[in-house]
$ cat entry.txt   # compact mmCIF, C-alpha atoms
# COMPACT_ATOMS: atom_id res chain seq x y z
CA MET A 21 0.00 0.00 0.00
CA ALA A 22 1.03 3.64 -0.24
CA HIS A 23 2.79 5.25 2.70
CA PRO A 24 2.29 8.86 3.80
CA SER A 25 3.93 11.54 1.60
CA GLN A 26 4.87 8.92 -0.95
CA LEU A 27 5.86 10.37 -4.35
CA GLY A 28 6.76 7.33 -6.43
CA PHE A 29 5.04 4.08 -7.26
CA GLN A 30 4.40 1.35 -4.72
CA ASP A 31 6.81 -1.59 -4.70
CA ALA A 32 6.03 -3.92 -7.58
CA ALA A 33 4.42 -7.24 -6.74
CA SER A 34 4.13 -8.55 -10.30
CA PRO A 35 6.58 -8.82 -13.21
CA VAL A 36 4.53 -6.43 -15.35
CA MET A 37 4.60 -3.76 -12.64
CA GLU A 38 8.38 -4.13 -12.42
CA GLU A 39 8.62 -3.49 -16.14
CA LEU A 40 6.36 -0.46 -15.79
CA LEU A 41 8.55 0.90 -12.98
CA HIS A 42 11.69 0.65 -15.12
CA PHE A 43 9.89 2.19 -18.11
CA HIS A 44 8.76 5.08 -15.93
CA ASP A 45 12.35 5.63 -14.79
CA HIS A 46 13.51 5.62 -18.43
CA THR A 47 10.84 8.11 -19.51
CA LEU A 48 11.36 10.38 -16.51
CA MET A 49 15.07 10.49 -17.27
CA ILE A 50 14.19 11.76 -20.77
CA VAL A 51 11.79 14.30 -19.25
CA PHE A 52 14.53 15.64 -16.97
CA LEU A 53 16.92 15.82 -19.94
CA ILE A 54 14.49 17.85 -22.05
CA SER A 55 13.40 20.05 -19.15
CA THR A 56 16.98 20.89 -18.16
CA LEU A 57 17.90 21.69 -21.76
CA VAL A 58 14.88 23.90 -22.33
CA LEU A 59 15.30 25.68 -18.98
CA TYR A 60 18.94 26.44 -19.69
CA ILE A 61 18.10 27.75 -23.18
CA ILE A 62 15.26 29.90 -21.82
CA VAL A 63 17.54 31.49 -19.25
CA ALA A 64 20.27 32.03 -21.85
CA MET A 65 17.83 33.65 -24.28
CA VAL A 66 16.14 35.83 -21.69
CA THR A 67 19.37 37.19 -20.21
CA THR A 68 20.67 38.86 -23.38
CA LYS A 69 19.74 41.81 -25.54
CA LEU A 70 21.28 40.16 -28.61
CA THR A 71 18.77 39.10 -31.26
CA ASP A 72 18.88 37.56 -34.71
CA LYS A 73 17.73 40.18 -37.23
CA LEU A 74 17.58 37.66 -40.05
CA ILE A 75 14.83 35.37 -38.85
CA LEU A 76 14.31 33.86 -42.28
CA ASP A 77 15.07 30.47 -43.79
CA SER A 78 15.99 29.03 -40.42
CA GLN A 79 16.01 25.60 -41.95
CA VAL A 80 18.85 24.24 -39.85
CA ILE A 81 17.15 24.89 -36.52
CA GLU A 82 13.81 23.70 -37.90
CA ILE A 83 15.37 20.41 -38.96
CA ILE A 84 17.11 20.02 -35.60
CA TRP A 85 14.03 20.61 -33.53
CA THR A 86 11.99 18.27 -35.68
CA LEU A 87 14.43 15.39 -35.82
CA LEU A 88 15.54 15.53 -32.18
CA PRO A 89 12.01 15.22 -30.73
CA ALA A 90 11.22 12.50 -33.27
CA MET A 91 14.23 10.48 -32.12
CA ILE A 92 13.33 11.04 -28.47
CA LEU A 93 9.78 9.86 -29.11
CA ILE A 94 11.08 6.70 -30.75
CA LEU A 95 13.28 6.11 -27.69
CA ILE A 96 10.15 6.32 -25.54
CA ALA A 97 7.82 4.40 -27.87
CA LEU A 98 9.95 1.29 -28.29
CA PRO A 99 10.07 0.23 -24.63
CA SER A 100 6.45 1.29 -24.25
CA LEU A 101 5.28 -0.97 -27.06
CA ARG A 102 7.42 -3.79 -25.69
CA ILE A 103 5.58 -3.66 -22.38
CA LEU A 104 2.23 -3.28 -24.12
CA TYR A 105 2.75 -6.49 -26.07
CA LEU A 106 4.22 -8.21 -23.02
CA MET A 107 0.97 -7.52 -21.16
CA ASP A 108 -1.03 -9.07 -23.99
CA GLU A 109 0.91 -12.32 -24.28
CA ILE A 110 -1.05 -15.56 -24.11
CA ASN A 111 -0.42 -16.56 -20.54
CA ASP A 112 -2.56 -19.70 -20.02
CA PRO A 113 -4.04 -18.72 -16.68
CA HIS A 114 -4.44 -21.30 -13.91
CA LEU A 115 -7.40 -19.51 -12.41
CA THR A 116 -10.15 -17.19 -13.59
CA ILE A 117 -11.87 -14.79 -11.23
CA LYS A 118 -14.76 -12.52 -12.02
CA ALA A 119 -14.86 -9.13 -10.33
CA MET A 120 -18.14 -7.23 -10.49
CA GLY A 121 -18.40 -3.60 -9.47
CA HIS A 122 -21.49 -2.48 -7.62
CA GLN A 123 -22.49 0.66 -5.85
CA TRP A 124 -20.50 0.55 -3.59
CA TYR A 125 -18.66 -2.74 -3.20
CA TRP A 126 -16.95 -5.40 -5.27
CA SER A 127 -18.08 -8.99 -5.63
CA TYR A 128 -15.83 -11.85 -6.66
CA GLU A 129 -16.77 -15.14 -8.27
CA TYR A 130 -14.53 -18.19 -8.47
CA THR A 131 -16.45 -20.47 -10.82
CA ASP A 132 -13.71 -22.62 -12.36
CA TYR A 133 -14.54 -25.67 -10.26
CA GLU A 134 -17.29 -24.87 -7.76
CA ASP A 135 -19.60 -21.92 -7.46
CA LEU A 136 -17.89 -19.62 -5.01
CA GLY A 137 -18.97 -16.01 -4.80
CA PHE A 138 -18.83 -13.35 -2.13
CA ASP A 139 -19.09 -9.61 -1.65
CA SER A 140 -16.28 -7.39 -0.49
CA TYR A 141 -17.33 -4.36 1.50
CA MET A 142 -15.04 -1.76 2.98
CA ILE A 143 -14.59 -2.04 6.75
CA PRO A 144 -15.93 1.21 8.23
CA THR A 145 -13.38 3.29 10.10
CA GLN A 146 -15.08 2.79 13.46
CA ASP A 147 -14.90 -1.02 13.05
CA LEU A 148 -11.21 -1.24 12.22
CA ALA A 149 -8.99 -3.42 14.37
CA PRO A 150 -5.63 -1.97 15.55
CA GLY A 151 -3.11 -2.16 12.71
CA GLN A 152 -5.68 -2.15 9.94
CA PHE A 153 -5.64 0.53 7.28
CA ARG A 154 -8.34 3.18 7.07
CA LEU A 155 -10.42 3.15 3.86
CA LEU A 156 -8.44 0.22 2.47
CA GLU A 157 -9.53 -2.88 4.37
CA THR A 158 -12.41 -5.08 3.30
CA ASP A 159 -14.42 -7.76 5.08
CA HIS A 160 -13.56 -10.39 2.45
CA ARG A 161 -10.37 -10.36 0.46
CA MET A 162 -9.78 -11.68 -3.02
CA VAL A 163 -7.36 -14.54 -2.40
CA VAL A 164 -5.16 -15.77 -5.23
CA PRO A 165 -2.49 -18.47 -5.39
CA LEU A 166 1.09 -17.23 -5.39
CA ASN A 167 3.12 -17.27 -8.63
CA SER A 168 0.13 -18.51 -10.66
CA PRO A 169 -1.05 -16.70 -13.78
CA THR A 170 -4.50 -15.48 -12.90
CA ARG A 171 -7.08 -14.12 -15.29
CA ILE A 172 -9.56 -11.59 -13.98
CA LEU A 173 -12.75 -10.71 -15.83
CA ILE A 174 -14.11 -7.36 -14.78
CA SER A 175 -17.56 -5.95 -15.24
CA ALA A 176 -20.10 -3.86 -13.39
CA ASP A 177 -23.66 -4.21 -12.29
CA ASP A 178 -24.80 -0.62 -12.40
CA VAL A 179 -22.45 2.24 -13.27
CA LEU A 180 -18.83 2.52 -14.35
CA HIS A 181 -16.22 1.40 -11.84
CA SER A 182 -12.56 0.54 -12.23
CA TRP A 183 -10.66 -2.31 -10.62
CA ALA A 184 -7.18 -1.12 -9.77
CA VAL A 185 -4.31 -2.56 -7.71
CA PRO A 186 -1.22 -0.35 -8.18
CA SER A 187 1.40 -2.78 -6.85
CA LEU A 188 0.26 -5.39 -9.38
CA GLY A 189 0.20 -2.82 -12.19
CA ILE A 190 -3.48 -3.38 -12.91
CA LYS A 191 -6.22 -0.95 -13.70
CA MET A 192 -9.20 -2.00 -15.77
CA ASP A 193 -12.55 -0.32 -16.19
CA ALA A 194 -15.62 -2.15 -15.00
CA VAL A 195 -18.25 -1.32 -17.60
CA PRO A 196 -21.86 -2.50 -17.28
CA GLY A 197 -22.70 -4.90 -20.07
CA ARG A 198 -19.05 -5.43 -21.01
CA LEU A 199 -16.48 -7.98 -19.94
CA ASN A 200 -12.93 -6.68 -19.66
CA GLN A 201 -10.11 -9.14 -19.21
CA THR A 202 -6.70 -8.71 -17.65
CA ALA A 203 -4.17 -11.08 -16.15
CA PHE A 204 -1.47 -10.97 -13.53
CA ILE A 205 1.03 -13.06 -11.60
CA THR A 206 1.93 -12.23 -8.01
CA SER A 207 5.72 -12.50 -7.57
CA ARG A 208 5.63 -12.60 -3.78
CA PRO A 209 3.16 -13.44 -1.01
CA GLY A 210 1.42 -10.59 0.73
CA VAL A 211 -1.58 -8.33 0.85
CA PHE A 212 -2.04 -5.77 -1.92
CA PHE A 213 -4.46 -2.88 -1.79
CA GLY A 214 -6.28 -0.87 -4.40
CA GLN A 215 -9.24 1.46 -4.71
CA CYS A 216 -12.06 1.98 -7.19
CA SER A 217 -10.70 4.20 -9.93
CA GLU A 218 -13.75 5.45 -11.79
CA ILE A 219 -16.19 7.87 -10.24
CA CYS A 220 -19.28 5.93 -9.38
CA GLY A 221 -21.31 7.92 -6.91
CA ALA A 222 -21.31 9.00 -3.31
CA ASN A 223 -19.16 6.17 -1.96
CA HIS A 224 -16.72 5.86 -4.81
CA SER A 225 -13.84 6.42 -2.38
CA PHE A 226 -15.12 3.72 -0.06
CA MET A 227 -15.04 0.54 -2.13
CA PRO A 228 -11.47 -0.69 -1.91
CA ILE A 229 -9.90 -3.85 -3.27
CA VAL A 230 -7.68 -6.20 -1.30
CA VAL A 231 -5.78 -9.03 -2.99
CA GLU A 232 -4.17 -11.67 -0.80
CA ALA A 233 -1.49 -13.87 -2.41
CA VAL A 234 -0.83 -17.15 -0.60
CA PRO A 235 0.68 -20.50 -1.63
CA LEU A 236 -1.58 -22.82 -3.57
CA GLU A 237 -2.41 -25.26 -0.76
CA HIS A 238 -3.55 -22.41 1.48
CA PHE A 239 -5.59 -20.96 -1.37
CA GLU A 240 -7.31 -24.34 -1.80
CA ASN A 241 -8.02 -24.57 1.95
CA TRP A 242 -9.43 -21.06 1.92
CA SER A 243 -11.72 -21.72 -1.04
CA SER A 244 -13.02 -24.96 0.56
CA MET A 245 -13.68 -23.05 3.77
CA MET A 246 -15.47 -20.27 1.91
CA LEU A 247 -17.62 -22.79 0.06
CA GLN A 248 -18.65 -24.39 3.33
CA ASP A 249 -19.52 -21.01 4.82
CA THR A 250 -21.69 -20.09 1.84
CA MET B 15 46.67 55.56 -33.57
CA SER B 16 43.15 54.23 -34.17
CA LEU B 17 41.50 51.68 -31.95
CA PRO B 18 40.94 48.17 -33.34
CA LYS B 19 37.49 47.81 -34.88
CA PRO B 20 35.22 46.16 -32.33
CA VAL B 21 33.41 42.97 -33.21
CA MET B 22 30.02 43.99 -34.50
CA ARG B 23 28.61 40.84 -36.02
CA GLY B 24 27.98 37.31 -34.97
CA LEU B 25 27.53 38.23 -31.31
CA LEU B 26 24.47 36.06 -30.83
CA ALA B 27 26.07 33.21 -32.73
CA LYS B 28 29.12 33.50 -30.47
CA ARG B 29 26.89 33.38 -27.40
CA LEU B 30 25.10 30.34 -28.78
CA ARG B 31 28.40 28.62 -29.59
CA PHE B 32 29.35 29.12 -25.96
CA HIS B 33 26.08 28.22 -24.29
CA LEU B 34 24.57 25.45 -26.42
CA PRO B 35 27.30 22.87 -25.74
CA ILE B 36 27.00 23.69 -22.03
CA ALA B 37 23.21 23.36 -22.25
CA PHE B 38 23.43 19.93 -23.87
CA GLY B 39 26.19 18.92 -21.48
CA VAL B 40 24.15 19.89 -18.41
CA ALA B 41 21.06 18.16 -19.80
CA ILE B 42 22.88 14.94 -20.56
CA THR B 43 24.64 15.08 -17.19
CA THR B 44 21.26 15.43 -15.46
CA ALA B 45 19.94 12.44 -17.36
CA LEU B 46 23.01 10.35 -16.56
CA LEU B 47 22.84 11.37 -12.90
CA TYR B 48 19.22 10.23 -12.73
CA LYS B 49 20.08 7.01 -14.57
CA PHE B 50 22.92 6.06 -12.22
CA ALA B 51 21.41 7.46 -9.03
CA VAL B 52 17.89 6.12 -9.45
CA THR B 53 17.29 3.83 -12.44
CA GLU B 54 20.22 1.43 -12.11
CA PRO B 55 20.03 1.15 -8.29
CA ARG B 56 16.32 0.36 -8.58
CA LYS B 57 16.96 -2.37 -11.17
CA LYS B 58 19.72 -3.83 -8.97
CA ALA B 59 17.52 -3.62 -5.88
CA TYR B 60 14.79 -5.66 -7.55
CA ALA B 61 17.29 -8.15 -8.99
CA ASN B 62 18.96 -8.60 -5.59
CA PHE B 63 15.63 -8.90 -3.81
CA TYR B 64 14.49 -11.76 -5.98
CA LYS B 65 17.88 -13.46 -6.43
CA HIS B 66 17.68 -15.33 -3.11
CA TYR B 67 14.02 -14.76 -2.38
CA ASP B 68 12.43 -17.55 -0.38
CA ALA B 69 8.71 -17.15 -0.87
CA VAL B 70 7.86 -19.93 1.58
CA LYS B 71 9.96 -18.41 4.35
CA GLU B 72 8.51 -14.96 3.75
CA PHE B 73 5.01 -16.38 3.66
CA LYS B 74 5.53 -18.14 7.00
CA ALA B 75 6.80 -14.93 8.58
CA MET B 76 3.80 -13.00 7.23
CA ARG B 77 1.46 -15.73 8.39
CA GLU B 78 2.84 -15.63 11.93
CA ALA B 79 2.51 -11.85 11.90
CA GLY B 80 -1.20 -12.41 11.30
CA ILE B 81 -1.63 -10.27 8.22
CA PHE B 82 -3.55 -12.85 6.23
CA GLU B 83 -7.23 -13.57 6.58
CA SER B 84 -7.29 -16.73 4.47
CA VAL B 85 -4.74 -18.47 6.70
CA ARG B 86 -4.33 -18.02 10.44
CA PRO B 87 -0.97 -18.26 12.28
CA ALA B 88 0.11 -21.89 12.84
CA GLY B 89 -1.39 -23.20 16.03
CA LYS B 90 -4.55 -21.10 15.81

$ encode --input "entry.txt" --output "structure tokens"
Amino acid sequence: MAHPSQLGFQDAASPVMEELLHFHDHTLMIVFLISTLVLYIIVAMVTTKLTDKLILDSQVIEIIWTLLPAMILILIALPSLRILYLMDEINDPHLTIKAMGHQWYWSYEYTDYEDLGFDSYMIPTQDLAPGQFRLLETDHRMVVPLNSPTRILISADDVLHSWAVPSLGIKMDAVPGRLNQTAFITSRPGVFFGQCSEICGANHSFMPIVVEAVPLEHFENWSSMMLQDT
Amino acid sequence: MSLPKPVMRGLLAKRLRFHLPIAFGVAITTALLYKFAVTEPRKKAYANFYKHYDAVKEFKAMREAGIFESVRPAGK
């Protein structure tokens, strides 16, 4: 989860998010390069009375400031497209989960083998146990097996929502009447938090997402236990 | 004895010839600083983290700390 006064991304918990982190570093480096260059030139131009009287046929500078940005954009586009195609690779998921957005909670369905479904409501602030995180905890978490490619199908029951978990590098709109698909692998065990990312009404800020990654045997025990409870 | 004729032309070009290489140099230095102060250390940090990562050991520690809801600490 995010910590107070955090500026950068959360630690990556999936391979795709790691790639996105490194791509962001690469692109930000280019941004700093361009910004420093432009700032220096602005200061140099503003602190002189010298001007060019012959502002005609400035073909050389025009060519330079067309080609240079084009090359920079290619430097940004190539890694970006690499990650885009990486995210779309056929990944043969071991598990499919359906996440439905409602006003104002998420519901999850695990229907690969049995019919497991449950709702996930935010825990109100007054009901939090010591150590729990305000506005982030839910009564039921979406549990996934560790290191297993997982497909998640996202839709909504009423209005637009968006299922987002930053540390996994996932954000996908939940559109009523449409099924959006994304996939992820959790690289390490843990608990990963997210929040609804599409304005959906009064309690849009109060329908968080919690993903719990545990080894497969514990995931199987959990799903058996949940089936018995329901 | 007359004074030497002062330079009257190419003053802006001279200024540009002085400042543009410095501008590019500073910009590239900034980019390299960011690359070696942030980008490369971050890549190494992730590589080192996962090089000897024992997911089972970490999971057991997290389980005992009681952060999971799907699995209680051993003995409970």

$ interface_residues --input "entry.txt" --of "chain B" --to "chain A" --cutoff "6 Å" --atoms "all atoms listed in the file" --output "JSON list (two decimals) with C-alpha atoms, in the coordinates of the input"
[["chain", "number", "residue", "atom", "x", "y", "z"],
["B", 26, "LEU", "CA", 24.47, 36.06, -30.83],
["B", 37, "ALA", "CA", 23.21, 23.36, -22.25],
["B", 41, "ALA", "CA", 21.06, 18.16, -19.80],
["B", 45, "ALA", "CA", 19.94, 12.44, -17.36],
["B", 53, "THR", "CA", 17.29, 3.83, -12.44],
["B", 73, "PHE", "CA", 5.01, -16.38, 3.66],
["B", 84, "SER", "CA", -7.29, -16.73, 4.47]]

$ atom_distance --input "entry.txt" --atom1 "CA of His224 in chain A" --atom2 "CA of Leu148 in chain A"
19.3 Å

$ residues_around --input "entry.txt" --residues "Ser187 in chain A" --least-positions-apart "2" --cutoff "9 Å" --atoms "all atoms listed in the file" --output "count of residues only"
14

$ residues_around --input "entry.txt" --residues "Gly121 in chain A" --least-positions-apart "3" --cutoff "7 Å" --atoms "all atoms listed in the file" --output "ChimeraX atom specification"
/A:125-127,175-177,181,194

$ axis_aligned_box --input "entry.txt" --around "range 58-64 of chain A" --padding-each-side "4 Å" --output "JSON"
{"center_x": 17.6, "center_y": 28.0, "center_z": -21.1, "size_x": 13.4, "size_y": 16.1, "size_z": 12.2}

$ atom_distance --input "entry.txt" --atom1 "CA of Pro113 in chain A" --atom2 "CA of Tyr141 in chain A"
26.7 Å

$ build_atoms --input "entry.txt" --residues "range 62-73 of chain B" --atoms "all heavy atoms" --output "PDB file, keeping the file's coordinate frame"
ATOM      1  N   ASN B  62      18.406  -8.018  -6.829  1.00  0.00           N
ATOM      2  CA  ASN B  62      18.960  -8.600  -5.590  1.00  0.00           C
ATOM      3  C   ASN B  62      17.867  -9.146  -4.691  1.00  0.00           C
ATOM      4  O   ASN B  62      18.035 -10.173  -4.040  1.00  0.00           O
ATOM      5  CB  ASN B  62      19.763  -7.553  -4.816  1.00  0.00           C
ATOM      6  CG  ASN B  62      21.052  -7.219  -5.523  1.00  0.00           C
ATOM      7  OD1 ASN B  62      21.524  -7.989  -6.356  1.00  0.00           O
ATOM      8  ND2 ASN B  62      21.605  -6.064  -5.215  1.00  0.00           N
ATOM      9  N   PHE B  63      16.723  -8.450  -4.674  1.00  0.00           N
ATOM     10  CA  PHE B  63      15.630  -8.900  -3.810  1.00  0.00           C
ATOM     11  C   PHE B  63      15.161 -10.296  -4.217  1.00  0.00           C
ATOM     12  O   PHE B  63      14.933 -11.171  -3.381  1.00  0.00           O
ATOM     13  CB  PHE B  63      14.475  -7.909  -3.899  1.00  0.00           C
ATOM     14  CG  PHE B  63      13.280  -8.272  -3.078  1.00  0.00           C
ATOM     15  CD1 PHE B  63      13.228  -7.976  -1.724  1.00  0.00           C
ATOM     16  CD2 PHE B  63      12.189  -8.923  -3.639  1.00  0.00           C
ATOM     17  CE1 PHE B  63      12.122  -8.319  -0.951  1.00  0.00           C
ATOM     18  CE2 PHE B  63      11.087  -9.267  -2.873  1.00  0.00           C
ATOM     19  CZ  PHE B  63      11.050  -8.958  -1.526  1.00  0.00           C
ATOM     20  N   TYR B  64      15.047 -10.490  -5.537  1.00  0.00           N
ATOM     21  CA  TYR B  64      14.490 -11.760  -5.980  1.00  0.00           C
ATOM     22  C   TYR B  64      15.551 -12.842  -6.210  1.00  0.00           C
ATOM     23  O   TYR B  64      15.211 -14.007  -6.410  1.00  0.00           O
ATOM     24  CB  TYR B  64      13.696 -11.565  -7.278  1.00  0.00           C
ATOM     25  CG  TYR B  64      12.328 -10.976  -7.030  1.00  0.00           C
ATOM     26  CD1 TYR B  64      12.031  -9.662  -7.394  1.00  0.00           C
ATOM     27  CD2 TYR B  64      11.336 -11.716  -6.394  1.00  0.00           C
ATOM     28  CE1 TYR B  64      10.785  -9.117  -7.144  1.00  0.00           C
ATOM     29  CE2 TYR B  64      10.096 -11.179  -6.145  1.00  0.00           C
ATOM     30  CZ  TYR B  64       9.820  -9.879  -6.519  1.00  0.00           C
ATOM     31  OH  TYR B  64       8.588  -9.334  -6.267  1.00  0.00           O
ATOM     32  N   LYS B  65      16.842 -12.462  -6.130  1.00  0.00           N
ATOM     33  CA  LYS B  65      17.880 -13.460  -6.430  1.00  0.00           C
ATOM     34  C   LYS B  65      17.811 -14.612  -5.427  1.00  0.00           C
ATOM     35  O   LYS B  65      17.884 -15.775  -5.799  1.00  0.00           O
ATOM     36  CB  LYS B  65      19.259 -12.803  -6.373  1.00  0.00           C
ATOM     37  CG  LYS B  65      20.310 -13.573  -7.162  1.00  0.00           C
ATOM     38  CD  LYS B  65      21.710 -13.065  -6.940  1.00  0.00           C
ATOM     39  CE  LYS B  65      21.876 -11.639  -7.385  1.00  0.00           C
ATOM     40  NZ  LYS B  65      23.264 -11.159  -7.316  1.00  0.00           N
ATOM     41  N   HIS B  66      17.705 -14.274  -4.143  1.00  0.00           N
ATOM     42  CA  HIS B  66      17.680 -15.330  -3.110  1.00  0.00           C
ATOM     43  C   HIS B  66      16.369 -15.257  -2.348  1.00  0.00           C
ATOM     44  O   HIS B  66      16.345 -15.459  -1.136  1.00  0.00           O
ATOM     45  CB  HIS B  66      18.858 -15.152  -2.153  1.00  0.00           C
ATOM     46  CG  HIS B  66      20.181 -15.178  -2.848  1.00  0.00           C
ATOM     47  ND1 HIS B  66      20.669 -16.313  -3.459  1.00  0.00           N
ATOM     48  CD2 HIS B  66      21.099 -14.220  -3.057  1.00  0.00           C
ATOM     49  CE1 HIS B  66      21.838 -16.023  -4.013  1.00  0.00           C
ATOM     50  NE2 HIS B  66      22.121 -14.779  -3.780  1.00  0.00           N
ATOM     51  N   TYR B  67      15.291 -14.948  -3.060  1.00  0.00           N
ATOM     52  CA  TYR B  67      14.020 -14.760  -2.380  1.00  0.00           C
ATOM     53  C   TYR B  67      13.407 -16.125  -2.046  1.00  0.00           C
ATOM     54  O   TYR B  67      13.247 -16.973  -2.922  1.00  0.00           O
ATOM     55  CB  TYR B  67      13.072 -13.957  -3.279  1.00  0.00           C
ATOM     56  CG  TYR B  67      11.761 -13.616  -2.634  1.00  0.00           C
ATOM     57  CD1 TYR B  67      11.711 -12.741  -1.550  1.00  0.00           C
ATOM     58  CD2 TYR B  67      10.570 -14.150  -3.099  1.00  0.00           C
ATOM     59  CE1 TYR B  67      10.511 -12.420  -0.953  1.00  0.00           C
ATOM     60  CE2 TYR B  67       9.367 -13.822  -2.502  1.00  0.00           C
ATOM     61  CZ  TYR B  67       9.345 -12.960  -1.429  1.00  0.00           C
ATOM     62  OH  TYR B  67       8.151 -12.638  -0.844  1.00  0.00           O
ATOM     63  N   ASP B  68      13.068 -16.301  -0.809  1.00  0.00           N
ATOM     64  CA  ASP B  68      12.430 -17.550  -0.380  1.00  0.00           C
ATOM     65  C   ASP B  68      10.983 -17.228  -0.065  1.00  0.00           C
ATOM     66  O   ASP B  68      10.668 -16.726   1.020  1.00  0.00           O
ATOM     67  CB  ASP B  68      13.163 -18.093   0.853  1.00  0.00           C
ATOM     68  CG  ASP B  68      12.672 -19.467   1.248  1.00  0.00           C
ATOM     69  OD1 ASP B  68      11.598 -19.887   0.757  1.00  0.00           O
ATOM     70  OD2 ASP B  68      13.347 -20.127   2.058  1.00  0.00           O
ATOM     71  N   ALA B  69      10.106 -17.534  -1.040  1.00  0.00           N
ATOM     72  CA  ALA B  69       8.710 -17.150  -0.870  1.00  0.00           C
ATOM     73  C   ALA B  69       8.072 -17.883   0.306  1.00  0.00           C
ATOM     74  O   ALA B  69       7.250 -17.314   1.038  1.00  0.00           O
ATOM     75  CB  ALA B  69       7.920 -17.426  -2.152  1.00  0.00           C
ATOM     76  N   VAL B  70       8.465 -19.142   0.504  1.00  0.00           N
ATOM     77  CA  VAL B  70       7.860 -19.930   1.580  1.00  0.00           C
ATOM     78  C   VAL B  70       8.235 -19.348   2.936  1.00  0.00           C
ATOM     79  O   VAL B  70       7.388 -19.183   3.824  1.00  0.00           O
ATOM     80  CB  VAL B  70       8.324 -21.404   1.478  1.00  0.00           C
ATOM     81  CG1 VAL B  70       7.840 -22.201   2.664  1.00  0.00           C
ATOM     82  CG2 VAL B  70       7.832 -22.012   0.175  1.00  0.00           C
ATOM     83  N   LYS B  71       9.508 -18.991   3.080  1.00  0.00           N
ATOM     84  CA  LYS B  71       9.960 -18.410   4.350  1.00  0.00           C
ATOM     85  C   LYS B  71       9.256 -17.079   4.619  1.00  0.00           C
ATOM     86  O   LYS B  71       8.793 -16.825   5.738  1.00  0.00           O
ATOM     87  CB  LYS B  71      11.474 -18.215   4.284  1.00  0.00           C
ATOM     88  CG  LYS B  71      12.096 -17.589   5.508  1.00  0.00           C
ATOM     89  CD  LYS B  71      13.610 -17.566   5.375  1.00  0.00           C
ATOM     90  CE  LYS B  71      14.172 -16.452   6.266  1.00  0.00           C
ATOM     91  NZ  LYS B  71      15.031 -15.530   5.622  1.00  0.00           N
ATOM     92  N   GLU B  72       9.167 -16.258   3.569  1.00  0.00           N
ATOM     93  CA  GLU B  72       8.510 -14.960   3.750  1.00  0.00           C
ATOM     94  C   GLU B  72       7.035 -15.157   4.077  1.00  0.00           C
ATOM     95  O   GLU B  72       6.474 -14.456   4.923  1.00  0.00           O
ATOM     96  CB  GLU B  72       8.650 -14.121   2.473  1.00  0.00           C
ATOM     97  CG  GLU B  72      10.062 -13.719   2.132  1.00  0.00           C
ATOM     98  CD  GLU B  72      10.689 -12.832   3.188  1.00  0.00           C
ATOM     99  OE1 GLU B  72       9.982 -11.989   3.787  1.00  0.00           O
ATOM    100  OE2 GLU B  72      11.898 -12.989   3.450  1.00  0.00           O
ATOM    101  N   PHE B  73       6.417 -16.120   3.389  1.00  0.00           N
ATOM    102  CA  PHE B  73       5.010 -16.380   3.660  1.00  0.00           C
ATOM    103  C   PHE B  73       4.805 -16.808   5.105  1.00  0.00           C
ATOM    104  O   PHE B  73       3.881 -16.345   5.785  1.00  0.00           O
ATOM    105  CB  PHE B  73       4.479 -17.459   2.701  1.00  0.00           C
ATOM    106  CG  PHE B  73       3.135 -17.985   3.109  1.00  0.00           C
ATOM    107  CD1 PHE B  73       1.998 -17.217   2.953  1.00  0.00           C
ATOM    108  CD2 PHE B  73       3.015 -19.239   3.691  1.00  0.00           C
ATOM    109  CE1 PHE B  73       0.754 -17.686   3.355  1.00  0.00           C
ATOM    110  CE2 PHE B  73       1.778 -19.721   4.091  1.00  0.00           C
ATOM    111  CZ  PHE B  73       0.648 -18.935   3.931  1.00  0.00           C
TER     112      PHE B  73
END
